[in-house]
$ cat my_file.cif   # mmCIF, C-alpha atoms
data_structure
#
loop_
_atom_site.label_atom_id
_atom_site.label_comp_id
_atom_site.auth_asym_id
_atom_site.auth_seq_id
_atom_site.Cartn_x
_atom_site.Cartn_y
_atom_site.Cartn_z
CA MET A 1 44.90 -8.77 -14.23
CA GLY A 2 48.38 -7.19 -14.42
CA HIS A 3 47.59 -5.09 -17.48
CA ILE A 4 44.65 -3.38 -15.71
CA ASP A 5 47.09 -2.04 -13.07
CA ASP A 6 48.73 0.00 -15.84
CA TYR A 7 45.55 2.10 -16.12
CA TYR A 8 45.59 3.09 -12.44
CA PRO A 9 48.14 5.45 -10.86
CA ALA A 10 50.73 4.01 -8.45
CA SER A 11 49.85 6.93 -6.18
CA GLY A 12 46.94 9.30 -6.65
CA ARG A 13 43.30 8.68 -7.47
CA VAL A 14 40.87 8.00 -10.29
CA ILE A 15 37.64 10.02 -10.04
CA LEU A 16 34.47 9.86 -12.14
CA HIS A 17 31.85 12.61 -12.33
CA VAL A 18 28.46 11.34 -13.50
CA ASP A 19 26.19 14.14 -14.72
CA MET A 20 22.67 13.35 -15.90
CA ASN A 21 21.69 15.23 -19.08
CA ALA A 22 18.54 17.44 -19.00
CA PHE A 23 17.56 15.28 -16.03
CA TYR A 24 13.95 16.31 -15.28
CA CYS A 25 12.91 16.26 -18.96
CA SER A 26 14.81 13.01 -19.55
CA VAL A 27 12.96 11.38 -16.60
CA HIS A 28 9.57 12.33 -18.07
CA GLU A 29 10.71 10.99 -21.45
CA ALA A 30 11.83 7.69 -19.87
CA GLU A 31 8.58 7.38 -17.93
CA GLU A 32 6.25 8.21 -20.85
CA PRO A 33 8.21 7.81 -24.11
CA GLU A 34 5.06 7.76 -26.23
CA LEU A 35 4.29 11.34 -25.08
CA TYR A 36 7.71 12.94 -24.90
CA ARG A 37 10.45 11.04 -26.79
CA GLY A 38 12.34 13.38 -29.13
CA LYS A 39 9.86 16.23 -28.49
CA PRO A 40 10.71 19.77 -27.34
CA THR A 41 9.78 19.70 -23.63
CA ALA A 42 10.40 21.98 -20.66
CA VAL A 43 9.79 21.60 -16.93
CA ALA A 44 8.56 24.84 -15.33
CA GLY A 45 8.59 25.38 -11.60
CA SER A 46 5.37 27.28 -11.14
CA VAL A 47 1.76 26.25 -10.69
CA GLU A 48 0.72 29.23 -12.85
CA LEU A 49 2.63 27.97 -15.87
CA ARG A 50 2.54 31.06 -18.09
CA LYS A 51 4.30 33.11 -15.40
CA GLY A 52 6.63 30.25 -14.51
CA VAL A 53 10.32 29.99 -15.30
CA ILE A 54 11.78 27.10 -17.32
CA VAL A 55 13.87 25.01 -14.91
CA THR A 56 15.24 22.68 -17.59
CA CYS A 57 14.45 21.77 -21.18
CA SER A 58 15.08 18.81 -23.46
CA TYR A 59 17.84 18.79 -26.08
CA ALA A 60 15.15 18.89 -28.78
CA ALA A 61 13.93 22.18 -27.23
CA ARG A 62 17.48 23.56 -26.84
CA SER A 63 18.15 22.97 -30.53
CA ARG A 64 15.17 25.26 -31.25
CA GLY A 65 16.46 28.12 -29.05
CA ILE A 66 14.76 27.33 -25.70
CA ARG A 67 16.95 28.04 -22.67
CA THR A 68 16.81 27.44 -18.91
CA GLY A 69 15.76 30.66 -17.13
CA MET A 70 13.34 31.79 -19.86
CA THR A 71 9.77 32.42 -18.77
CA VAL A 72 7.18 29.97 -20.07
CA ARG A 73 5.57 32.87 -21.96
CA GLN A 74 8.87 33.59 -23.79
CA GLY A 75 9.37 29.89 -24.52
CA LEU A 76 5.88 29.40 -25.99
CA LYS A 77 6.21 32.58 -28.07
CA LEU A 78 9.49 31.31 -29.55
CA LEU A 79 8.25 27.71 -29.94
CA PRO A 80 4.43 27.32 -29.77
CA GLU A 81 4.69 23.49 -29.84
CA LEU A 82 6.90 23.46 -26.70
CA ILE A 83 5.38 20.95 -24.22
CA ILE A 84 5.33 22.35 -20.67
CA ILE A 85 5.50 19.70 -17.91
CA GLN A 86 4.68 20.19 -14.23
CA PRO A 87 7.58 19.10 -11.98
CA ASP A 88 7.28 15.75 -10.18
CA PHE A 89 9.98 15.61 -7.50
CA HIS A 90 8.88 12.22 -6.19
CA LEU A 91 9.56 10.80 -9.66
CA TYR A 92 12.92 12.61 -9.94
CA ARG A 93 14.02 11.23 -6.56
CA LYS A 94 13.06 7.71 -7.64
CA TYR A 95 15.22 7.95 -10.79
CA SER A 96 18.01 9.73 -8.87
CA ASN A 97 18.19 6.85 -6.35
CA ALA A 98 18.13 4.36 -9.23
CA PHE A 99 21.06 5.88 -11.15
CA MET A 100 23.10 6.35 -7.97
CA ASN A 101 22.48 2.73 -6.99
CA ILE A 102 23.91 1.65 -10.35
CA ALA A 103 27.00 3.80 -9.73
CA TYR A 104 27.23 2.63 -6.10
CA GLY A 105 27.66 -0.95 -7.33
CA TYR A 106 31.20 -0.03 -8.49
CA THR A 107 32.49 1.76 -5.37
CA PRO A 108 31.20 2.68 -1.90
CA LEU A 109 33.00 6.04 -2.30
CA LEU A 110 30.09 7.96 -3.86
CA GLU A 111 29.39 11.65 -3.15
CA ALA A 112 26.05 12.98 -4.38
CA THR A 113 26.33 16.72 -5.01
CA SER A 114 22.77 17.18 -6.29
CA ILE A 115 19.78 15.13 -7.41
CA ASP A 116 21.36 14.59 -10.85
CA GLU A 117 25.13 14.34 -10.34
CA CYS A 118 27.68 12.52 -8.23
CA TYR A 119 31.41 11.87 -7.85
CA LEU A 120 32.85 8.36 -7.60
CA ASP A 121 36.32 7.46 -6.36
CA ILE A 122 37.12 4.27 -8.31
CA THR A 123 40.81 4.01 -7.34
CA GLY A 124 40.08 0.67 -5.63
CA SER A 125 37.68 -0.68 -8.28
CA LYS A 126 40.14 -2.52 -10.53
CA GLN A 127 38.10 -5.72 -10.38
CA PHE A 128 35.56 -4.03 -12.69
CA GLY A 129 38.15 -3.20 -15.38
CA THR A 130 39.94 -0.05 -16.52
CA PRO A 131 38.59 3.41 -15.57
CA LEU A 132 37.16 3.77 -19.08
CA ASP A 133 35.54 0.32 -18.86
CA ILE A 134 33.83 1.36 -15.61
CA ALA A 135 32.77 4.79 -16.91
CA SER A 136 31.31 3.39 -20.13
CA GLU A 137 29.59 0.51 -18.33
CA ILE A 138 27.91 2.89 -15.83
CA GLN A 139 26.81 5.14 -18.71
CA HIS A 140 25.54 2.14 -20.71
CA ARG A 141 23.62 0.67 -17.78
CA ILE A 142 21.95 4.00 -16.92
CA ARG A 143 20.86 4.28 -20.56
CA GLU A 144 19.70 0.64 -20.84
CA GLU A 145 18.10 0.17 -17.43
CA LEU A 146 16.63 3.64 -16.89
CA SER A 147 16.46 5.04 -20.47
CA LEU A 148 18.37 8.13 -19.29
CA PRO A 149 21.31 9.91 -20.96
CA CYS A 150 24.33 10.98 -18.89
CA SER A 151 27.83 12.36 -19.39
CA VAL A 152 30.81 10.96 -17.49
CA GLY A 153 34.13 12.67 -16.81
CA VAL A 154 37.24 10.61 -15.92
CA ALA A 155 40.12 12.41 -14.19
CA PRO A 156 42.69 12.27 -11.36
CA ASN A 157 40.62 14.67 -9.18
CA LYS A 158 37.09 16.00 -8.65
CA LEU A 159 37.67 19.36 -10.32
CA LEU A 160 38.92 17.87 -13.59
CA ALA A 161 36.29 15.10 -13.53
CA LYS A 162 33.57 17.78 -13.32
CA MET A 163 35.19 19.80 -16.13
CA ALA A 164 35.49 16.62 -18.24
CA SER A 165 31.80 15.66 -17.83
CA ASP A 166 30.84 19.14 -19.11
CA MET A 167 32.95 18.79 -22.26
CA LYS A 168 30.51 16.64 -24.24
CA LYS A 169 26.74 16.52 -23.76
CA PRO A 170 24.55 14.54 -24.07
CA ASN A 171 26.00 11.02 -23.65
CA GLY A 172 29.61 12.21 -23.52
CA LEU A 173 32.55 10.28 -22.08
CA SER A 174 35.65 12.45 -21.63
CA VAL A 175 39.05 11.98 -20.00
CA LEU A 176 40.96 14.98 -18.62
CA ARG A 177 44.45 14.46 -17.17
CA ILE A 178 46.75 17.03 -15.56
CA ARG A 179 48.91 16.98 -18.69
CA ASP A 180 45.86 17.90 -20.83
CA VAL A 181 45.01 21.03 -18.80
CA GLN A 182 47.29 23.41 -20.71
CA ASN A 183 45.95 22.44 -24.16
CA VAL A 184 42.31 21.89 -23.23
CA LEU A 185 41.57 24.51 -20.55
CA TRP A 186 44.09 27.35 -20.58
CA GLY A 187 42.63 29.10 -23.62
CA LYS A 188 39.10 29.21 -22.10
CA PRO A 189 37.69 32.21 -20.18
CA CYS A 190 38.01 32.09 -16.37
CA ALA A 191 34.23 31.78 -15.93
CA GLU A 192 34.44 28.27 -17.45
CA LEU A 193 36.59 27.01 -14.57
CA PHE A 194 34.27 25.14 -12.19
CA GLY A 195 33.89 27.13 -8.96
CA ILE A 196 34.38 30.56 -10.53
CA GLY A 197 31.15 32.53 -10.89
CA ARG A 198 30.36 35.55 -13.04
CA LYS A 199 31.19 38.12 -10.33
CA THR A 200 34.60 36.54 -9.65
CA ALA A 201 35.31 36.40 -13.40
CA ASP A 202 34.44 40.15 -13.65
CA LYS A 203 36.88 40.94 -10.81
CA LEU A 204 39.60 38.86 -12.53
CA ARG A 205 38.98 40.72 -15.79
CA LYS A 206 39.66 44.03 -13.99
CA LEU A 207 43.04 42.53 -12.98
CA ASN A 208 43.58 41.77 -16.70
CA ILE A 209 43.23 38.02 -16.06
CA GLN A 210 40.91 36.80 -18.83
CA THR A 211 41.76 33.13 -19.42
CA ILE A 212 42.34 30.10 -17.22
CA GLY A 213 45.95 30.06 -18.48
CA GLN A 214 46.49 33.65 -17.31
CA LEU A 215 44.98 32.72 -13.95
CA ALA A 216 47.43 29.80 -13.63
CA ALA A 217 50.33 32.17 -14.35
CA ALA A 218 49.11 34.98 -12.03
CA GLU A 219 51.01 35.98 -8.89
CA GLU A 220 49.50 34.14 -5.94
CA SER A 221 50.10 37.14 -3.65
CA LEU A 222 48.00 39.35 -5.96
CA LEU A 223 45.14 36.83 -6.02
CA VAL A 224 45.24 36.42 -2.21
CA SER A 225 45.22 40.22 -1.70
CA VAL A 226 41.98 40.48 -3.71
CA PHE A 227 40.20 37.18 -2.96
CA GLY A 228 41.71 35.95 0.33
CA VAL A 229 42.41 32.21 0.63
CA THR A 230 40.15 31.60 -2.39
CA GLY A 231 42.91 33.23 -4.46
CA SER A 232 45.30 30.37 -3.64
CA TRP A 233 42.61 27.82 -4.54
CA MET A 234 41.94 29.55 -7.89
CA LYS A 235 45.60 29.46 -8.91
CA ARG A 236 45.86 25.75 -8.07
CA ALA A 237 42.56 24.97 -9.81
CA ALA A 238 43.69 26.77 -12.98
CA ALA A 239 46.67 24.38 -13.04
CA GLY A 240 44.27 21.41 -12.65
CA ILE A 241 45.26 20.70 -9.02
CA ASP A 242 42.55 19.70 -6.53
CA HIS A 243 43.08 17.63 -3.38
CA ALA A 244 39.44 17.47 -2.19
CA PRO A 245 38.48 13.85 -1.41
CA VAL A 246 35.23 12.18 -2.47
CA VAL A 247 33.14 12.31 0.71
CA ALA A 248 30.99 9.18 0.86
CA GLU A 249 27.81 10.37 2.56
CA ARG A 250 25.80 7.20 2.17
CA GLU A 251 25.68 5.14 5.33
CA GLN A 252 24.57 2.17 3.27
CA SER A 253 22.50 1.46 0.19
CA LYS A 254 18.74 1.84 0.55
CA SER A 255 18.39 -0.88 -2.08
CA ILE A 256 20.58 -3.10 -4.25
CA GLY A 257 19.24 -3.88 -7.69
CA HIS A 258 20.25 -5.28 -11.04
CA THR A 259 18.32 -5.31 -14.30
CA THR A 260 19.18 -6.67 -17.71
CA THR A 261 17.81 -5.64 -21.09
CA LEU A 262 17.46 -8.67 -23.35
CA PRO A 263 18.16 -8.71 -27.09
CA LYS A 264 15.06 -10.76 -27.83
CA ASP A 265 11.74 -11.13 -26.09
CA VAL A 266 11.51 -13.66 -23.27
CA THR A 267 8.20 -15.53 -23.48
CA THR A 268 8.65 -18.71 -21.41
CA LEU A 269 8.87 -19.38 -17.69
CA GLU A 270 12.02 -21.47 -18.18
CA GLU A 271 13.90 -18.58 -19.85
CA ALA A 272 12.72 -16.10 -17.23
CA ARG A 273 13.79 -18.36 -14.36
CA ARG A 274 17.31 -18.66 -15.78
CA ILE A 275 17.61 -14.88 -16.05
CA LEU A 276 16.20 -14.40 -12.54
CA LEU A 277 18.81 -16.86 -11.22
CA ASN A 278 21.68 -14.86 -12.70
CA LEU A 279 20.19 -11.58 -11.43
CA SER A 280 19.61 -13.06 -7.95
CA ASP A 281 23.20 -14.31 -7.92
CA GLN A 282 24.61 -10.86 -8.66
CA VAL A 283 22.45 -8.87 -6.23
CA GLY A 284 23.22 -11.48 -3.54
CA ARG A 285 26.95 -11.01 -4.17
CA ARG A 286 26.66 -7.24 -3.81
CA LEU A 287 24.50 -7.58 -0.67
CA ARG A 288 27.06 -9.83 1.05
CA ARG A 289 29.97 -7.63 -0.05
CA GLN A 290 28.40 -4.78 1.93
CA GLY A 291 27.66 -6.99 4.96
CA LEU A 292 23.90 -6.49 4.66
CA LEU A 293 20.72 -8.55 4.84
CA SER A 294 17.51 -7.91 2.91
CA SER A 295 13.93 -8.03 4.23
CA GLY A 296 12.19 -7.13 0.99
CA ILE A 297 12.41 -8.04 -2.69
CA GLN A 298 11.12 -6.36 -5.83
CA ILE A 299 11.04 -7.59 -9.41
CA THR A 300 10.86 -5.34 -12.48
CA LEU A 301 9.34 -6.47 -15.79
CA ARG A 302 9.33 -4.36 -18.96
CA THR A 303 7.46 -5.28 -22.14
CA PRO A 304 8.71 -4.44 -25.67
CA ASP A 305 6.34 -1.42 -25.77
CA MET A 306 8.24 -0.01 -22.73
CA LYS A 307 5.47 -0.66 -20.17
CA THR A 308 7.17 -1.25 -16.82
CA ILE A 309 5.67 -3.37 -14.02
CA THR A 310 7.23 -3.55 -10.53
CA ARG A 311 6.01 -5.93 -7.81
CA SER A 312 7.44 -6.44 -4.33
CA ARG A 313 6.93 -8.37 -1.12
CA HIS A 314 8.22 -8.40 2.45
CA LEU A 315 10.30 -11.48 3.37
CA PRO A 316 9.46 -13.54 6.49
CA ASN A 317 13.14 -13.49 7.59
CA PRO A 318 16.02 -11.20 6.51
CA THR A 319 18.34 -13.06 4.12
CA GLU A 320 21.65 -12.80 2.28
CA THR A 321 21.53 -16.03 0.26
CA THR A 322 21.11 -16.28 -3.50
CA GLU A 323 18.89 -19.33 -2.93
CA ASP A 324 16.32 -17.33 -0.89
CA ILE A 325 16.45 -14.32 -3.24
CA TYR A 326 15.95 -16.53 -6.31
CA ARG A 327 13.06 -18.48 -4.75
CA GLU A 328 11.22 -15.27 -3.78
CA ALA A 329 11.91 -13.64 -7.17
CA CYS A 330 10.47 -16.67 -9.00
CA GLN A 331 7.38 -16.74 -6.79
CA LEU A 332 6.74 -13.04 -7.41
CA PHE A 333 7.30 -13.52 -11.12
CA GLU A 334 4.92 -16.48 -11.42
CA ARG A 335 2.25 -14.62 -9.46
CA HIS A 336 2.35 -11.45 -11.60
CA TRP A 337 3.41 -12.57 -15.10
CA LYS A 338 0.80 -13.61 -17.63
CA PRO A 339 2.11 -16.72 -19.46
CA GLY A 340 3.27 -15.81 -22.96
CA LEU A 341 3.53 -12.05 -22.21
CA PRO A 342 6.77 -10.98 -23.98
CA LEU A 343 9.41 -9.29 -21.82
CA ARG A 344 12.38 -7.18 -22.90
CA LEU A 345 13.83 -6.37 -19.45
CA LEU A 346 13.95 -8.19 -16.12
CA GLY A 347 15.23 -6.91 -12.79
CA VAL A 348 15.66 -8.00 -9.17
CA THR A 349 16.02 -5.41 -6.38
CA LEU A 350 16.65 -6.07 -2.67
CA GLN A 351 15.02 -3.62 -0.26
CA GLN A 352 14.66 -2.93 3.48
CA LEU A 353 18.38 -3.51 4.02
CA ILE A 354 19.92 -3.91 7.47
CA THR A 355 23.43 -4.72 8.66
CA LYS A 356 24.05 -8.27 9.85
CA GLU A 357 24.91 -6.98 13.34
CA ASP A 358 21.53 -5.21 13.62
CA SER A 359 19.51 -8.28 12.70
CA ALA A 360 18.09 -10.71 15.19
CA ILE A 361 16.96 -13.41 12.82
CA GLN A 362 14.04 -15.53 13.95
CA LEU A 363 14.81 -18.97 12.55
CA ASP A 364 12.84 -22.15 12.79
CA LEU A 365 14.71 -25.21 14.12
CA PHE A 366 15.58 -26.67 10.72
CA SER A 367 16.88 -23.31 9.40
CA TYR A 368 18.82 -22.82 12.63
CA GLU A 369 20.70 -26.09 12.09
CA GLN A 370 21.32 -25.42 8.40
CA GLN A 371 22.30 -21.73 8.67
CA PRO A 372 25.99 -22.03 9.76
CA LYS A 373 26.70 -24.64 7.04
CA LYS A 374 24.98 -22.49 4.42
CA GLU A 375 26.84 -19.34 5.50
CA SER A 376 30.27 -20.97 5.40
CA LEU A 377 29.60 -22.49 1.95
CA THR A 378 28.43 -19.12 0.63
CA ARG A 379 31.50 -17.40 2.10
CA VAL A 380 33.90 -19.91 0.48
CA MET A 381 32.15 -19.52 -2.92
CA ASP A 382 32.31 -15.71 -2.66
CA GLU A 383 36.02 -15.83 -1.79
CA LEU A 384 36.77 -18.11 -4.76
CA ARG A 385 34.90 -15.78 -7.11
CA ASN A 386 36.60 -12.68 -5.65
CA LYS A 387 39.93 -14.30 -6.40
CA PHE A 388 39.34 -16.13 -9.68
CA GLY A 389 36.48 -14.21 -11.32
CA GLU A 390 32.70 -14.35 -11.38
CA SER A 391 32.52 -17.61 -13.36
CA ALA A 392 34.88 -19.57 -11.11
CA VAL A 393 32.08 -21.25 -9.15
CA LEU A 394 28.61 -21.51 -10.67
CA THR A 395 25.54 -23.57 -10.00
CA ALA A 396 24.29 -25.73 -12.88
CA GLY A 397 21.39 -23.36 -13.56
CA MET A 398 23.78 -20.48 -14.29
CA LEU A 399 25.66 -22.34 -17.02
CA SER A 400 23.23 -21.35 -19.74
CA GLU A 401 24.25 -19.92 -23.08
CA ASP A 402 21.56 -17.23 -22.94
CA PRO A 403 22.67 -13.59 -22.56
CA SER A 404 21.65 -13.33 -18.90
CA SER A 405 24.78 -15.31 -17.99
CA LEU A 406 26.80 -12.30 -19.25
CA ILE A 407 25.53 -10.30 -16.26
CA ARG A 408 28.49 -11.80 -14.37
CA ASP A 409 31.00 -10.68 -17.01
CA HIS A 410 31.77 -7.00 -16.44
CA LYS A 411 33.63 -6.83 -19.74
CA ARG A 412 31.06 -8.38 -22.03
CA ARG A 413 27.66 -7.60 -20.56
CA GLY A 414 25.91 -4.69 -22.18
CA THR A 415 26.19 -3.94 -25.87
CA SER A 416 28.02 -7.18 -26.68
CA LEU A 417 25.03 -9.03 -25.22
CA GLN A 418 23.20 -8.28 -28.45
CA MET A 419 26.01 -9.45 -30.69
CA ASP A 420 26.53 -12.68 -28.75
CA PHE A 421 22.86 -13.51 -28.95
CA GLU A 422 22.55 -12.83 -32.65
CA ARG A 423 25.52 -15.00 -33.57
CA ASN A 424 24.75 -18.27 -35.26
CA LEU A 425 23.22 -20.38 -32.52
CA GLY A 426 24.60 -23.50 -34.15
CA GLU A 427 28.18 -22.57 -33.18
CA ASP A 428 30.10 -24.91 -30.96
CA HIS A 429 28.86 -23.91 -27.48
CA GLN A 430 31.73 -25.67 -25.77
CA ASN A 431 34.28 -23.37 -27.44
CA LYS A 432 32.32 -20.35 -26.32
CA ARG A 433 32.33 -21.52 -22.74
CA GLN A 434 36.07 -22.18 -22.80
CA ASP A 435 36.67 -18.66 -24.16
CA ALA A 436 34.54 -17.14 -21.40
CA THR A 437 36.44 -19.11 -18.76
CA LYS A 438 39.79 -17.88 -20.13
CA LYS A 439 38.56 -14.29 -20.00
CA ASP A 440 37.63 -14.63 -16.37
CA GLU A 441 40.91 -16.22 -15.29
#
$ encode --input "my_file.cif" --output "structure tokens"
Amino acid sequence: MGHIDDYYPASGRVILHVDMNAFYCSVHEAEEPELYRGKPTAVAGSVELRKGVIVTCSYAARSRGIRTGMTVRQGLKLLPELIIIQPDFHLYRKYSNAFMNIAYGYTPLLEATSIDECYLDITGSKQFGTPLDIASEIQHRIREELSLPCSVGVAPNKLLAKMASDMKKPNGLSVLRIRDVQNVLWGKPCAELFGIGRKTADKLRKLNIQTIGQLAAAEESLLVSVFGVTGSWMKRAAAGIDHAPVVAEREQSKSIGHTTTLPKDVTTLEEARRILLNLSDQVGRRLRRQGLLSSGIQITLRTPDMKTITRSRHLPNPTETTEDIYREACQLFERHWKPGLPLRLLGVTLQQLITKEDSAIQLDLFSYEQQPKKESLTRVMDELRNKFGESAVLTAGMLSEDPSSLIRDHKRRGTSLQMDFERNLGEDHQNKRQDATKKDE
């Protein structure tokens, strides 16, 4: 683990800014790919569409000259095949909660600044890998699990993380350090510095301050005389300095979920159960880490043609155990899956979350006797895995060679899932398992 420390500052912070790309249009594309994938689309915020204004447009539309702020009439004149979509804020909120829940799994320090962007302070998230590992894994999971593109900025503060996420769109991943500011930012016009609007940039121009570099070199007293205390902030910001903390506004997660996209179709109950066990294990770990109990469970199934089915049920008693989560997930699955129906994605989400202190659990006599033993065993297993890695203590059912077992491996799950699965299945499985154990040590 020592080498990962080298990627984190001894003092100071590591901040990510996650910015969803063309969010509203991307959500419609994810929801109905057969209608919208790769097409020029625009969401317009008016019931009378022809008089409406384009709120956002897809990258396919942007490449043909469509811009946010155009009227629908202008857009259709320029591009007659432009598809105009009515806004659906319920749908946007659903996807917003989903992408933030993915990000929230890596740090409780999450600040949502709008429906489609958030800051994460990952200074204390070393257990998930280097800052770039975490950024690319969040980006990959949002793309795989939600079919949405996003850009991520990695930096020592919020200002630079925001500037970094704007550097490459869509699907960008950019790092911006204090030492990069002079080369990357100082030649740009002041209006490109986050927090400086057009009017402020016009005022700066009258002072003969055109670029971010000139702003960094300007006399602070001059800036304060014109802009007040904002003048001091602007000079610091132009040098890449920002002390604003990430303000975690979430009291607690509304739900905790995990999905996995599989490299080949799952068609048997046995395969599905193994995947559900690994998913239940991981959501249970995250639930307990936050000191919560769940009173509801939802499963997500997606077929190869991208049809998504979600089914949920209320639990008789709030729970935190993997055993309960797995049992309920399997029951839901068996009730709603048609045998032989191929699946490309499976997910388990815990809902109706409450803190342990707030719960008065109604237990039957047998459960009451078993509960303390169960809790202490679970706690010991969690502590061992916190210390020695996710694969330190596993139940027999988790020791499969199928890709769902990679859900526990923050390094390898994701794109490498495909490669692992497609390798020659006749390889010596024992060697593979030994390698995985070494990685986790």
$ resolve_selection --input "my_file.cif" --expression "the PyMOL selection byres ((chain A and resi 25) around 12)" --output "PyMOL selection string"
chain A and resi 20-24+26-33+35-44+54-62+68+83-89+91-92+95+116+147-149
$ closest_residue --input "my_file.cif" --among "A:Thr303, A:Asn208, A:Gln182, A:Thr130" --to "Asp6 of chain A" --atoms "all atoms listed in the file"
A:Thr130
$ closest_residue --input "my_file.cif" --among "A:Ile115, A:Leu204, A:Leu215, A:Val152" --to "Ala237 of chain A" --atoms "only C-alpha atoms"
A:Leu215
$ resolve_selection --input "my_file.cif" --expression "the PyMOL selection byres ((chain A and resi 191-198) around 10)" --output "mmCIF file with C-alpha atoms, in the frame of the given file"
data_model
loop_
_atom_site.group_PDB
_atom_site.id
_atom_site.type_symbol
_atom_site.label_atom_id
_atom_site.label_comp_id
_atom_site.auth_asym_id
_atom_site.auth_seq_id
_atom_site.Cartn_x
_atom_site.Cartn_y
_atom_site.Cartn_z
ATOM 1 C CA LEU A 159 37.670 19.360 -10.320
ATOM 2 C CA LEU A 160 38.920 17.870 -13.590
ATOM 3 C CA LYS A 162 33.570 17.780 -13.320
ATOM 4 C CA MET A 163 35.190 19.800 -16.130
ATOM 5 C CA ASP A 166 30.840 19.140 -19.110
ATOM 6 C CA LEU A 185 41.570 24.510 -20.550
ATOM 7 C CA TRP A 186 44.090 27.350 -20.580
ATOM 8 C CA LYS A 188 39.100 29.210 -22.100
ATOM 9 C CA PRO A 189 37.690 32.210 -20.180
ATOM 10 C CA CYS A 190 38.010 32.090 -16.370
ATOM 11 C CA LYS A 199 31.190 38.120 -10.330
ATOM 12 C CA THR A 200 34.600 36.540 -9.650
ATOM 13 C CA ALA A 201 35.310 36.400 -13.400
ATOM 14 C CA ASP A 202 34.440 40.150 -13.650
ATOM 15 C CA LYS A 203 36.880 40.940 -10.810
ATOM 16 C CA LEU A 204 39.600 38.860 -12.530
ATOM 17 C CA GLN A 210 40.910 36.800 -18.830
ATOM 18 C CA THR A 211 41.760 33.130 -19.420
ATOM 19 C CA ILE A 212 42.340 30.100 -17.220
ATOM 20 C CA TRP A 233 42.610 27.820 -4.540
ATOM 21 C CA MET A 234 41.940 29.550 -7.890
ATOM 22 C CA ALA A 237 42.560 24.970 -9.810
ATOM 23 C CA ALA A 238 43.690 26.770 -12.980
ATOM 24 C CA GLY A 240 44.270 21.410 -12.650
#
$ closest_residue --input "my_file.cif" --among "A:Val154, A:Ala272, A:Val226, A:Leu301" --to "Lys206 of chain A" --atoms "all atoms listed in the file"
A:Val226
$ resolve_selection --input "my_file.cif" --expression "the PyMOL selection byres ((chain A and resi 281-291) around 8)" --output "list in words"
Gly105, Ile256, Gly257, His258, Leu277, Asn278, Leu279, Ser280, Leu292, Leu293, Ser294, Glu320, Thr321, Thr322, Ile325, Tyr326, Val348, Thr349, Leu350, Thr355, Lys356, Asp382, Ile407 and Arg408 of chain A
$ axis_aligned_box --input "my_file.cif" --around "segment 14-28 of chain A" --padding-each-side "3 Å" --output "AutoDock Vina command-line options"
--center_x 25.2 --center_y 12.7 --center_z -14.8 --size_x 37.3 --size_y 15.4 --size_z 15.5
$ residues_around --input "my_file.cif" --residues "Thr107 of chain A" --least-positions-apart "5" --cutoff "9 Å" --atoms "only C-alpha atoms" --output "list in words"
Leu120, Asp121, Ile122, Thr123, Gly124 and Ser125 of chain A
$ atom_distance --input "my_file.cif" --atom1 "atom CA of Thr268 of chain A" --atom2 "atom CA of Pro316 of chain A"
28.4 Å
$ closest_residue --input "my_file.cif" --among "A:Pro245, A:Leu341, A:Ile4, A:Glu34" --to "Phe128 of chain A" --atoms "all atoms listed in the file"
A:Ile4
$ closest_residue --input "my_file.cif" --among "A:Leu346, A:Ala239, A:Leu223, A:Leu176" --to "Arg273 of chain A" --atoms "all atoms listed in the file"
A:Leu346
$ residues_near_point --input "my_file.cif" --point "(43.5, 8.2, -9.4)" --cutoff "6 Å" --atoms "only C-alpha atoms" --output "PyMOL selection string"
chain A and resi 9+12-14+123+156
$ closest_residue --input "my_file.cif" --among "A:Arg67, A:Lys235, A:His17, A:Arg179" --to "Pro131 of chain A" --atoms "only C-alpha atoms"
A:His17
$ atom_distance --input "my_file.cif" --atom1 "atom CA of Asp19 of chain A" --atom2 "atom CA of Ser165 of chain A"
6.6 Å
$ atom_distance --input "my_file.cif" --atom1 "atom CA of Phe99 of chain A" --atom2 "atom CA of Thr113 of chain A"
13.5 Å
$ residues_around --input "my_file.cif" --residues "Gly296 of chain A" --least-positions-apart "5" --cutoff "10 Å" --atoms "all atoms listed in the file" --output "list in words"
Ser255, Ser312, Arg313, His314, Leu315, Pro316, Asn317, Pro318, Thr319, Ile325, Glu328, Thr349, Leu350, Gln351, Gln352 and Leu353 of chain A
$ residues_around --input "my_file.cif" --residues "Tyr119 of chain A" --least-positions-apart "6" --cutoff "8 Å" --atoms "all atoms listed in the file" --output "list in words"
Ile15, Leu16, His17, Val18, Leu110, Glu111, Ala112, Thr113, Lys158 and Val246 of chain A
$ residues_near_point --input "my_file.cif" --point "(28.5, 3.1, -20.1)" --cutoff "12 Å" --atoms "only C-alpha atoms" --output "count of residues only"
35
